[in-house]
$ cat my_file_3.txt   # compact mmCIF, N, CA and C atoms
# COMPACT_ATOMS: atom_id res chain seq x y z
N MET A 38 0.85 -1.18 0.00
CA MET A 38 0.00 0.00 0.00
C MET A 38 0.90 1.23 0.00
N ILE A 39 0.53 2.21 -0.81
CA ILE A 39 1.29 3.46 -0.87
C ILE A 39 0.30 4.61 -1.00
N GLY A 40 0.67 5.75 -0.46
CA GLY A 40 -0.17 6.94 -0.56
C GLY A 40 0.24 7.77 -1.76
N VAL A 41 -0.74 8.28 -2.49
CA VAL A 41 -0.48 9.15 -3.64
C VAL A 41 -0.17 10.54 -3.13
N ASN A 42 0.92 11.11 -3.63
CA ASN A 42 1.32 12.46 -3.26
C ASN A 42 1.56 13.23 -4.56
N GLY A 43 0.61 14.05 -4.93
CA GLY A 43 0.73 14.82 -6.17
C GLY A 43 -0.46 14.61 -7.06
N ARG A 44 -0.37 15.22 -8.26
CA ARG A 44 -1.52 15.25 -9.15
C ARG A 44 -1.25 14.64 -10.53
N SER A 45 -0.14 13.93 -10.69
CA SER A 45 0.24 13.50 -12.04
C SER A 45 -0.66 12.45 -12.67
N VAL A 46 -1.45 11.73 -11.88
CA VAL A 46 -2.33 10.72 -12.47
C VAL A 46 -3.82 11.02 -12.25
N GLU A 47 -4.12 12.30 -11.98
CA GLU A 47 -5.54 12.69 -11.94
C GLU A 47 -6.09 12.59 -13.36
N ASP A 48 -7.15 12.20 -13.57
CA ASP A 48 -8.42 11.92 -12.96
C ASP A 48 -8.60 10.46 -12.55
N THR A 49 -7.54 9.71 -12.43
CA THR A 49 -7.66 8.32 -12.01
C THR A 49 -7.39 8.20 -10.52
N TYR A 50 -6.27 8.74 -10.07
CA TYR A 50 -5.88 8.73 -8.66
C TYR A 50 -5.57 10.16 -8.25
N PHE A 51 -5.94 10.48 -7.00
CA PHE A 51 -5.80 11.85 -6.51
C PHE A 51 -4.88 11.91 -5.30
N ASP A 52 -4.32 13.08 -5.08
CA ASP A 52 -3.47 13.33 -3.93
C ASP A 52 -4.19 12.86 -2.67
N GLY A 53 -3.53 12.01 -1.89
CA GLY A 53 -4.12 11.49 -0.66
C GLY A 53 -4.74 10.11 -0.79
N ASP A 54 -5.01 9.65 -2.03
CA ASP A 54 -5.55 8.29 -2.21
C ASP A 54 -4.53 7.27 -1.70
N LYS A 55 -5.03 6.15 -1.24
CA LYS A 55 -4.21 5.00 -0.86
C LYS A 55 -4.39 3.94 -1.94
N VAL A 56 -3.26 3.44 -2.48
CA VAL A 56 -3.35 2.46 -3.56
C VAL A 56 -2.56 1.19 -3.21
N PRO A 57 -3.18 0.02 -3.41
CA PRO A 57 -2.45 -1.22 -3.23
C PRO A 57 -1.54 -1.45 -4.44
N VAL A 58 -0.35 -1.96 -4.18
CA VAL A 58 0.64 -2.16 -5.23
C VAL A 58 1.13 -3.60 -5.19
N GLU A 59 1.14 -4.25 -6.35
CA GLU A 59 1.71 -5.59 -6.48
C GLU A 59 3.15 -5.44 -6.95
N LYS A 60 4.09 -5.96 -6.16
CA LYS A 60 5.50 -5.87 -6.55
C LYS A 60 5.74 -6.65 -7.83
N THR A 61 6.32 -5.97 -8.82
CA THR A 61 6.67 -6.58 -10.09
C THR A 61 7.63 -5.65 -10.83
N GLN A 62 8.43 -6.21 -11.68
CA GLN A 62 9.31 -5.40 -12.53
C GLN A 62 8.66 -5.11 -13.87
N ASP A 63 7.47 -5.67 -14.12
CA ASP A 63 6.81 -5.55 -15.41
C ASP A 63 5.47 -4.82 -15.26
N VAL A 64 5.43 -3.57 -15.69
CA VAL A 64 4.19 -2.81 -15.72
C VAL A 64 3.86 -2.62 -17.20
N PRO A 65 2.78 -3.25 -17.69
CA PRO A 65 2.44 -3.15 -19.12
C PRO A 65 2.14 -1.71 -19.54
N VAL A 66 2.42 -1.40 -20.79
CA VAL A 66 2.11 -0.10 -21.36
C VAL A 66 0.62 0.19 -21.14
N GLY A 67 0.33 1.39 -20.66
CA GLY A 67 -1.05 1.81 -20.39
C GLY A 67 -1.51 1.59 -18.97
N LYS A 68 -0.74 0.85 -18.19
CA LYS A 68 -1.09 0.60 -16.78
C LYS A 68 -0.33 1.57 -15.89
N ILE A 69 -0.85 1.79 -14.68
CA ILE A 69 -0.23 2.69 -13.70
C ILE A 69 0.73 1.89 -12.83
N GLY A 70 1.90 2.46 -12.62
CA GLY A 70 2.90 1.79 -11.79
C GLY A 70 3.57 2.76 -10.84
N ILE A 71 4.38 2.18 -9.97
CA ILE A 71 5.21 2.95 -9.04
C ILE A 71 6.65 2.79 -9.50
N PHE A 72 7.33 3.91 -9.63
CA PHE A 72 8.69 3.93 -10.16
C PHE A 72 9.58 4.78 -9.28
N ILE A 73 10.86 4.45 -9.23
CA ILE A 73 11.83 5.23 -8.45
C ILE A 73 12.99 5.63 -9.35
N ARG A 74 13.38 6.90 -9.25
CA ARG A 74 14.58 7.42 -9.91
C ARG A 74 15.36 8.18 -8.85
N GLY A 75 16.54 7.66 -8.51
CA GLY A 75 17.31 8.28 -7.43
C GLY A 75 16.53 8.21 -6.14
N SER A 76 16.26 9.36 -5.54
CA SER A 76 15.49 9.39 -4.29
C SER A 76 14.03 9.79 -4.52
N GLU A 77 13.62 9.89 -5.79
CA GLU A 77 12.26 10.30 -6.12
C GLU A 77 11.39 9.08 -6.44
N CYS A 78 10.17 9.09 -5.94
CA CYS A 78 9.20 8.03 -6.20
C CYS A 78 8.06 8.63 -7.02
N PHE A 79 7.64 7.92 -8.07
CA PHE A 79 6.60 8.42 -8.97
C PHE A 79 5.49 7.40 -9.14
N ILE A 80 4.26 7.90 -9.28
CA ILE A 80 3.14 7.10 -9.75
C ILE A 80 2.83 7.67 -11.12
N LYS A 81 2.98 6.82 -12.16
CA LYS A 81 2.81 7.27 -13.55
C LYS A 81 2.25 6.13 -14.38
N GLU A 82 1.75 6.48 -15.55
CA GLU A 82 1.33 5.48 -16.53
C GLU A 82 2.56 5.02 -17.30
N ALA A 83 2.71 3.72 -17.45
CA ALA A 83 3.82 3.19 -18.23
C ALA A 83 3.56 3.42 -19.71
N GLY A 84 4.50 4.06 -20.37
CA GLY A 84 4.43 4.26 -21.81
C GLY A 84 5.47 3.41 -22.50
N LYS A 85 5.48 3.42 -23.81
CA LYS A 85 6.44 2.61 -24.56
C LYS A 85 7.88 3.03 -24.27
N ASP A 86 8.12 4.34 -24.20
CA ASP A 86 9.48 4.83 -23.98
C ASP A 86 9.56 5.96 -22.96
N LYS A 87 8.50 6.10 -22.14
CA LYS A 87 8.48 7.13 -21.10
C LYS A 87 7.43 6.81 -20.06
N LEU A 88 7.48 7.52 -18.96
CA LEU A 88 6.45 7.43 -17.92
C LEU A 88 5.55 8.64 -18.12
N ILE A 89 4.26 8.40 -18.22
CA ILE A 89 3.31 9.42 -18.66
C ILE A 89 2.53 9.99 -17.49
N SER A 90 2.46 11.32 -17.46
CA SER A 90 1.60 12.03 -16.53
C SER A 90 0.23 12.15 -17.17
N ARG A 91 -0.81 11.71 -16.48
CA ARG A 91 -2.17 11.82 -17.03
C ARG A 91 -2.77 13.21 -16.80
N ASN A 92 -2.16 13.99 -15.93
CA ASN A 92 -2.64 15.33 -15.65
C ASN A 92 -2.33 16.21 -16.86
N GLU A 93 -3.27 17.04 -17.25
CA GLU A 93 -3.10 17.90 -18.42
C GLU A 93 -2.00 18.93 -18.25
N SER A 94 -1.67 19.29 -17.01
CA SER A 94 -0.64 20.30 -16.75
C SER A 94 0.74 19.65 -16.84
N LYS A 95 1.25 19.51 -18.07
CA LYS A 95 2.55 18.88 -18.27
C LYS A 95 3.68 19.75 -17.73
N GLU A 96 3.43 21.05 -17.57
CA GLU A 96 4.44 21.93 -17.00
C GLU A 96 4.69 21.60 -15.53
N ARG A 97 3.62 21.35 -14.79
CA ARG A 97 3.74 21.03 -13.37
C ARG A 97 3.91 19.54 -13.11
N ASN A 98 3.43 18.72 -14.03
CA ASN A 98 3.47 17.26 -13.89
C ASN A 98 3.99 16.65 -15.20
N PRO A 99 5.28 16.80 -15.45
CA PRO A 99 5.81 16.36 -16.75
C PRO A 99 5.91 14.84 -16.88
N ASP A 100 5.89 14.39 -18.15
CA ASP A 100 6.23 13.00 -18.43
C ASP A 100 7.70 12.82 -18.06
N ILE A 101 8.09 11.59 -17.81
CA ILE A 101 9.49 11.32 -17.47
C ILE A 101 10.08 10.44 -18.56
N ILE A 102 11.10 10.95 -19.20
CA ILE A 102 11.80 10.21 -20.24
C ILE A 102 13.10 9.71 -19.63
N PRO A 103 13.29 8.39 -19.64
CA PRO A 103 14.53 7.85 -19.05
C PRO A 103 15.76 8.46 -19.73
N ASN A 104 16.74 8.78 -18.92
CA ASN A 104 17.99 9.32 -19.45
C ASN A 104 19.13 8.58 -18.76
N GLU A 105 20.16 9.29 -18.40
CA GLU A 105 21.30 8.62 -17.78
C GLU A 105 21.00 8.12 -16.37
N ARG A 106 19.95 8.59 -15.75
CA ARG A 106 19.57 8.13 -14.41
C ARG A 106 18.60 6.98 -14.53
N LYS A 107 18.96 5.86 -13.97
CA LYS A 107 18.14 4.65 -14.05
C LYS A 107 16.82 4.80 -13.32
N ILE A 108 15.77 4.28 -13.93
CA ILE A 108 14.45 4.24 -13.30
C ILE A 108 14.16 2.79 -12.94
N ASN A 109 13.84 2.56 -11.67
CA ASN A 109 13.50 1.22 -11.19
C ASN A 109 11.99 1.10 -11.06
N THR A 110 11.47 -0.03 -11.49
CA THR A 110 10.04 -0.31 -11.36
C THR A 110 9.81 -1.03 -10.04
N ILE A 111 8.88 -0.51 -9.26
CA ILE A 111 8.55 -1.10 -7.96
C ILE A 111 7.35 -2.04 -8.09
N GLY A 112 6.33 -1.62 -8.83
CA GLY A 112 5.16 -2.48 -8.95
C GLY A 112 4.04 -1.83 -9.73
N ILE A 113 2.95 -2.59 -9.87
CA ILE A 113 1.77 -2.12 -10.59
C ILE A 113 0.67 -1.77 -9.59
N VAL A 114 0.00 -0.66 -9.85
CA VAL A 114 -1.09 -0.21 -8.99
C VAL A 114 -2.33 -1.04 -9.32
N LEU A 115 -2.98 -1.57 -8.28
CA LEU A 115 -4.13 -2.48 -8.45
C LEU A 115 -5.48 -1.81 -8.32
N GLY A 116 -5.51 -0.55 -7.98
CA GLY A 116 -6.77 0.16 -7.76
C GLY A 116 -6.56 1.13 -6.63
N LYS A 117 -7.62 1.48 -5.92
CA LYS A 117 -7.44 2.32 -4.74
C LYS A 117 -8.37 1.88 -3.64
N VAL A 118 -7.95 2.13 -2.42
CA VAL A 118 -8.75 1.77 -1.25
C VAL A 118 -10.05 2.54 -1.30
N GLY A 119 -11.14 1.84 -1.12
CA GLY A 119 -12.44 2.48 -1.12
C GLY A 119 -13.22 2.25 -2.40
N ASP A 120 -12.60 1.69 -3.41
CA ASP A 120 -13.31 1.39 -4.68
C ASP A 120 -13.86 -0.01 -4.65

$ encode --input "my_file_3.txt" --output "structure tokens"
Amino acid sequence: MIGVNGRSVEDTYFDGDKVPVEKTQDVPVGKIGIFIRGSECFIKEAGKDKLISRNESKERNPDIIPNERKINTIGIVLGKVGD
């Protein structure tokens, strides 16, 4: 279980939601996952070559394109508590 902090996957998950996560290294394209880069943890949609912010404000919630800093996959989000 992890708490959502931020707005990058609104209108699916909102700041403060609690989401159960299944540990896996494989998050299929189009599914929401938990990812870590350095000391930062992200909840994003897995894309073919990037992590996608579903929030329309790409300036405040940008997509993440892997670069020289490795991104580790923690798991896939299974829904949210209360649904």

$ atom_distance --input "my_file_3.txt" --atom1 "CA of Lys85 (chain A)" --atom2 "CA of Gln62 (chain A)"
14.7 Å

$ residues_around --input "my_file_3.txt" --residues "Ile69 (chain A)" --least-positions-apart "5" --cutoff "6 Å" --atoms "all atoms listed in the file" --output "MDAnalysis selection string"
chainID A and resid 81:83 112:114

$ residues_around --input "my_file_3.txt" --residues "Gly84 (chain A)" --least-positions-apart "5" --cutoff "6.5 Å" --atoms "all atoms listed in the file" --output "PDB file with N, CA and C atoms, in the frame of the given file"
ATOM      1  N   PRO A  65       2.780  -3.250 -17.690  1.00  0.00           N
ATOM      2  CA  PRO A  65       2.440  -3.150 -19.120  1.00  0.00           C
ATOM      3  C   PRO A  65       2.140  -1.710 -19.540  1.00  0.00           C
ATOM      4  N   VAL A  66       2.420  -1.400 -20.790  1.00  0.00           N
ATOM      5  CA  VAL A  66       2.110  -0.100 -21.360  1.00  0.00           C
ATOM      6  C   VAL A  66       0.620   0.190 -21.140  1.00  0.00           C
ATOM      7  N   GLY A  67       0.330   1.390 -20.660  1.00  0.00           N
ATOM      8  CA  GLY A  67      -1.050   1.810 -20.390  1.00  0.00           C
ATOM      9  C   GLY A  67      -1.510   1.590 -18.970  1.00  0.00           C
ATOM     10  N   ILE A  89       4.260   8.400 -18.220  1.00  0.00           N
ATOM     11  CA  ILE A  89       3.310   9.420 -18.660  1.00  0.00           C
ATOM     12  C   ILE A  89       2.530   9.990 -17.490  1.00  0.00           C
TER      13      ILE A  89
END

$ closest_residue --input "my_file_3.txt" --among "A:Thr61, A:Met38, A:Gly43, A:Lys55" --to "Ile111 (chain A)" --atoms "all atoms listed in the file"
A:Thr61

$ atom_distance --input "my_file_3.txt" --atom1 "CA of Gly116 (chain A)" --atom2 "CA of Pro57 (chain A)"
6.4 Å

$ select_by_dssp --input "my_file_3.txt" --residues "chain A" --states "strand (DSSP E or B)" --output "PyMOL selection string"
chain A and resi 39-40+55-56+58-60+69-74+77-83+88-89+101+108-114

$ closest_residue --input "my_file_3.txt" --among "A:Arg106, A:Lys117, A:Arg44, A:Arg97" --to "Phe79 (chain A)" --atoms "only C-alpha atoms"
A:Arg44

$ atom_distance --input "my_file_3.txt" --atom1 "CA of Ile102 (chain A)" --atom2 "atom N of Phe51 (chain A)"
22.1 Å

$ residues_around --input "my_file_3.txt" --residues "Cys78 (chain A)" --least-positions-apart "3" --cutoff "10 Å" --atoms "only C-alpha atoms" --output "VMD selection string"
chain A and resid 42 71 to 75 81 108 to 111

$ write_last_selection --input "my_file_3.txt" --atoms "N, CA and C atoms" --output "PDB file, in the coordinates of the input"
ATOM      1  N   ASN A  42       0.920  11.110  -3.630  1.00  0.00           N
ATOM      2  CA  ASN A  42       1.320  12.460  -3.260  1.00  0.00           C
ATOM      3  C   ASN A  42       1.560  13.230  -4.560  1.00  0.00           C
ATOM      4  N   ILE A  71       4.380   2.180  -9.970  1.00  0.00           N
ATOM      5  CA  ILE A  71       5.210   2.950  -9.040  1.00  0.00           C
ATOM      6  C   ILE A  71       6.650   2.790  -9.500  1.00  0.00           C
ATOM      7  N   PHE A  72       7.330   3.910  -9.630  1.00  0.00           N
ATOM      8  CA  PHE A  72       8.690   3.930 -10.160  1.00  0.00           C
ATOM      9  C   PHE A  72       9.580   4.780  -9.280  1.00  0.00           C
ATOM     10  N   ILE A  73      10.860   4.450  -9.230  1.00  0.00           N
ATOM     11  CA  ILE A  73      11.830   5.230  -8.450  1.00  0.00           C
ATOM     12  C   ILE A  73      12.990   5.630  -9.350  1.00  0.00           C
ATOM     13  N   ARG A  74      13.380   6.900  -9.250  1.00  0.00           N
ATOM     14  CA  ARG A  74      14.580   7.420  -9.910  1.00  0.00           C
ATOM     15  C   ARG A  74      15.360   8.180  -8.850  1.00  0.00           C
ATOM     16  N   GLY A  75      16.540   7.660  -8.510  1.00  0.00           N
ATOM     17  CA  GLY A  75      17.310   8.280  -7.430  1.00  0.00           C
ATOM     18  C   GLY A  75      16.530   8.210  -6.140  1.00  0.00           C
ATOM     19  N   LYS A  81       2.980   6.820 -12.160  1.00  0.00           N
ATOM     20  CA  LYS A  81       2.810   7.270 -13.550  1.00  0.00           C
ATOM     21  C   LYS A  81       2.250   6.130 -14.380  1.00  0.00           C
ATOM     22  N   ILE A 108      15.770   4.280 -13.930  1.00  0.00           N
ATOM     23  CA  ILE A 108      14.450   4.240 -13.300  1.00  0.00           C
ATOM     24  C   ILE A 108      14.160   2.790 -12.940  1.00  0.00           C
ATOM     25  N   ASN A 109      13.840   2.560 -11.670  1.00  0.00           N
ATOM     26  CA  ASN A 109      13.500   1.220 -11.190  1.00  0.00           C
ATOM     27  C   ASN A 109      11.990   1.100 -11.060  1.00  0.00           C
ATOM     28  N   THR A 110      11.470  -0.030 -11.490  1.00  0.00           N
ATOM     29  CA  THR A 110      10.040  -0.310 -11.360  1.00  0.00           C
ATOM     30  C   THR A 110       9.810  -1.030 -10.040  1.00  0.00           C
ATOM     31  N   ILE A 111       8.880  -0.510  -9.260  1.00  0.00           N
ATOM     32  CA  ILE A 111       8.550  -1.100  -7.960  1.00  0.00           C
ATOM     33  C   ILE A 111       7.350  -2.040  -8.090  1.00  0.00           C
TER      34      ILE A 111
END

$ axis_aligned_box --input "my_file_3.txt" --around "region 113-120 of chain A" --padding-each-side "3 Å" --output "AutoDock Vina command-line options"
--center_x -5.5 --center_y 0.0 --center_z -5.9 --size_x 22.8 --size_y 11.1 --size_z 15.5

$ closest_residue --input "my_file_3.txt" --among "A:Ile80, A:Val64, A:Ser45, A:Ile39" --to "Ser94 (chain A)" --atoms "all atoms listed in the file"
A:Ser45

$ closest_residue --input "my_file_3.txt" --among "A:Asp54, A:Pro99, A:Asp48, A:Leu88" --to "Gly119 (chain A)" --atoms "only C-alpha atoms"
A:Asp54

$ decode --input "my_file_3.txt" --residues "region 94-106 of chain A" --atoms "all heavy atoms" --output "short mmCIF file (atom, residue, chain, number, x, y, z; two decimals), in the first residue's frame"
data_model
loop_
_atom_site.label_atom_id
_atom_site.label_comp_id
_atom_site.auth_asym_id
_atom_site.auth_seq_id
_atom_site.Cartn_x
_atom_site.Cartn_y
_atom_site.Cartn_z
N SER A 94 -1.67 19.29 -17.01
CA SER A 94 -0.64 20.30 -16.75
C SER A 94 0.74 19.65 -16.84
O SER A 94 1.34 19.29 -15.84
CB SER A 94 -0.84 20.93 -15.37
OG SER A 94 0.22 21.83 -15.11
N LYS A 95 1.25 19.51 -18.07
CA LYS A 95 2.55 18.88 -18.27
C LYS A 95 3.68 19.75 -17.73
O LYS A 95 4.76 19.25 -17.43
CB LYS A 95 2.79 18.60 -19.76
CG LYS A 95 1.82 17.61 -20.35
CD LYS A 95 2.03 16.22 -19.81
CE LYS A 95 1.12 15.24 -20.54
NZ LYS A 95 1.30 13.89 -20.15
N GLU A 96 3.43 21.05 -17.57
CA GLU A 96 4.44 21.93 -17.00
C GLU A 96 4.69 21.60 -15.53
O GLU A 96 5.82 21.53 -15.08
CB GLU A 96 3.98 23.38 -17.15
CG GLU A 96 5.11 24.37 -17.14
CD GLU A 96 4.61 25.74 -17.54
OE1 GLU A 96 4.31 25.94 -18.73
OE2 GLU A 96 4.49 26.59 -16.63
N ARG A 97 3.62 21.35 -14.79
CA ARG A 97 3.74 21.03 -13.37
C ARG A 97 3.91 19.54 -13.11
O ARG A 97 4.44 19.14 -12.09
CB ARG A 97 2.51 21.54 -12.61
CG ARG A 97 2.45 23.06 -12.58
CD ARG A 97 1.28 23.55 -11.80
NE ARG A 97 1.41 23.12 -10.40
CZ ARG A 97 0.43 23.14 -9.54
NH1 ARG A 97 -0.75 23.56 -9.90
NH2 ARG A 97 0.61 22.76 -8.31
N ASN A 98 3.43 18.72 -14.03
CA ASN A 98 3.47 17.26 -13.89
C ASN A 98 3.99 16.65 -15.20
O ASN A 98 3.24 16.05 -15.95
CB ASN A 98 2.07 16.72 -13.59
CG ASN A 98 1.50 17.30 -12.32
OD1 ASN A 98 1.89 16.92 -11.23
ND2 ASN A 98 0.59 18.24 -12.45
N PRO A 99 5.28 16.80 -15.45
CA PRO A 99 5.81 16.36 -16.75
C PRO A 99 5.91 14.84 -16.88
O PRO A 99 5.98 14.11 -15.88
CB PRO A 99 7.21 16.97 -16.77
CG PRO A 99 7.59 17.05 -15.33
CD PRO A 99 6.31 17.37 -14.60
N ASP A 100 5.89 14.39 -18.15
CA ASP A 100 6.23 13.00 -18.43
C ASP A 100 7.70 12.82 -18.06
O ASP A 100 8.46 13.79 -18.02
CB ASP A 100 6.04 12.69 -19.92
CG ASP A 100 4.59 12.74 -20.37
OD1 ASP A 100 3.69 12.71 -19.51
OD2 ASP A 100 4.37 12.82 -21.58
N ILE A 101 8.09 11.59 -17.81
CA ILE A 101 9.49 11.32 -17.47
C ILE A 101 10.08 10.44 -18.56
O ILE A 101 9.57 9.35 -18.84
CB ILE A 101 9.60 10.62 -16.11
CG1 ILE A 101 9.07 11.54 -15.01
CG2 ILE A 101 11.04 10.21 -15.83
CD1 ILE A 101 8.97 10.90 -13.66
N ILE A 102 11.10 10.95 -19.20
CA ILE A 102 11.80 10.21 -20.24
C ILE A 102 13.10 9.71 -19.63
O ILE A 102 13.91 10.50 -19.14
CB ILE A 102 12.06 11.10 -21.46
CG1 ILE A 102 10.72 11.59 -22.02
CG2 ILE A 102 12.87 10.34 -22.51
CD1 ILE A 102 10.82 12.64 -23.08
N PRO A 103 13.29 8.39 -19.64
CA PRO A 103 14.53 7.85 -19.05
C PRO A 103 15.76 8.46 -19.73
O PRO A 103 15.78 8.66 -20.94
CB PRO A 103 14.44 6.35 -19.34
CG PRO A 103 12.98 6.08 -19.51
CD PRO A 103 12.42 7.33 -20.14
N ASN A 104 16.74 8.78 -18.92
CA ASN A 104 17.99 9.32 -19.45
C ASN A 104 19.13 8.58 -18.76
O ASN A 104 19.03 7.39 -18.55
CB ASN A 104 18.05 10.83 -19.25
CG ASN A 104 17.79 11.23 -17.80
OD1 ASN A 104 17.96 10.44 -16.88
ND2 ASN A 104 17.39 12.47 -17.59
N GLU A 105 20.16 9.29 -18.40
CA GLU A 105 21.30 8.62 -17.78
C GLU A 105 21.00 8.12 -16.37
O GLU A 105 21.72 7.30 -15.85
CB GLU A 105 22.53 9.54 -17.77
CG GLU A 105 22.43 10.74 -16.84
CD GLU A 105 21.65 11.92 -17.39
OE1 GLU A 105 21.30 11.92 -18.58
OE2 GLU A 105 21.37 12.83 -16.60
N ARG A 106 19.95 8.59 -15.75
CA ARG A 106 19.57 8.13 -14.41
C ARG A 106 18.60 6.98 -14.53
O ARG A 106 17.54 7.10 -15.13
CB ARG A 106 18.95 9.27 -13.61
CG ARG A 106 19.98 10.37 -13.34
CD ARG A 106 19.40 11.50 -12.56
NE ARG A 106 19.02 11.05 -11.24
CZ ARG A 106 18.23 11.76 -10.45
NH1 ARG A 106 17.76 12.90 -10.84
NH2 ARG A 106 17.92 11.30 -9.25
#
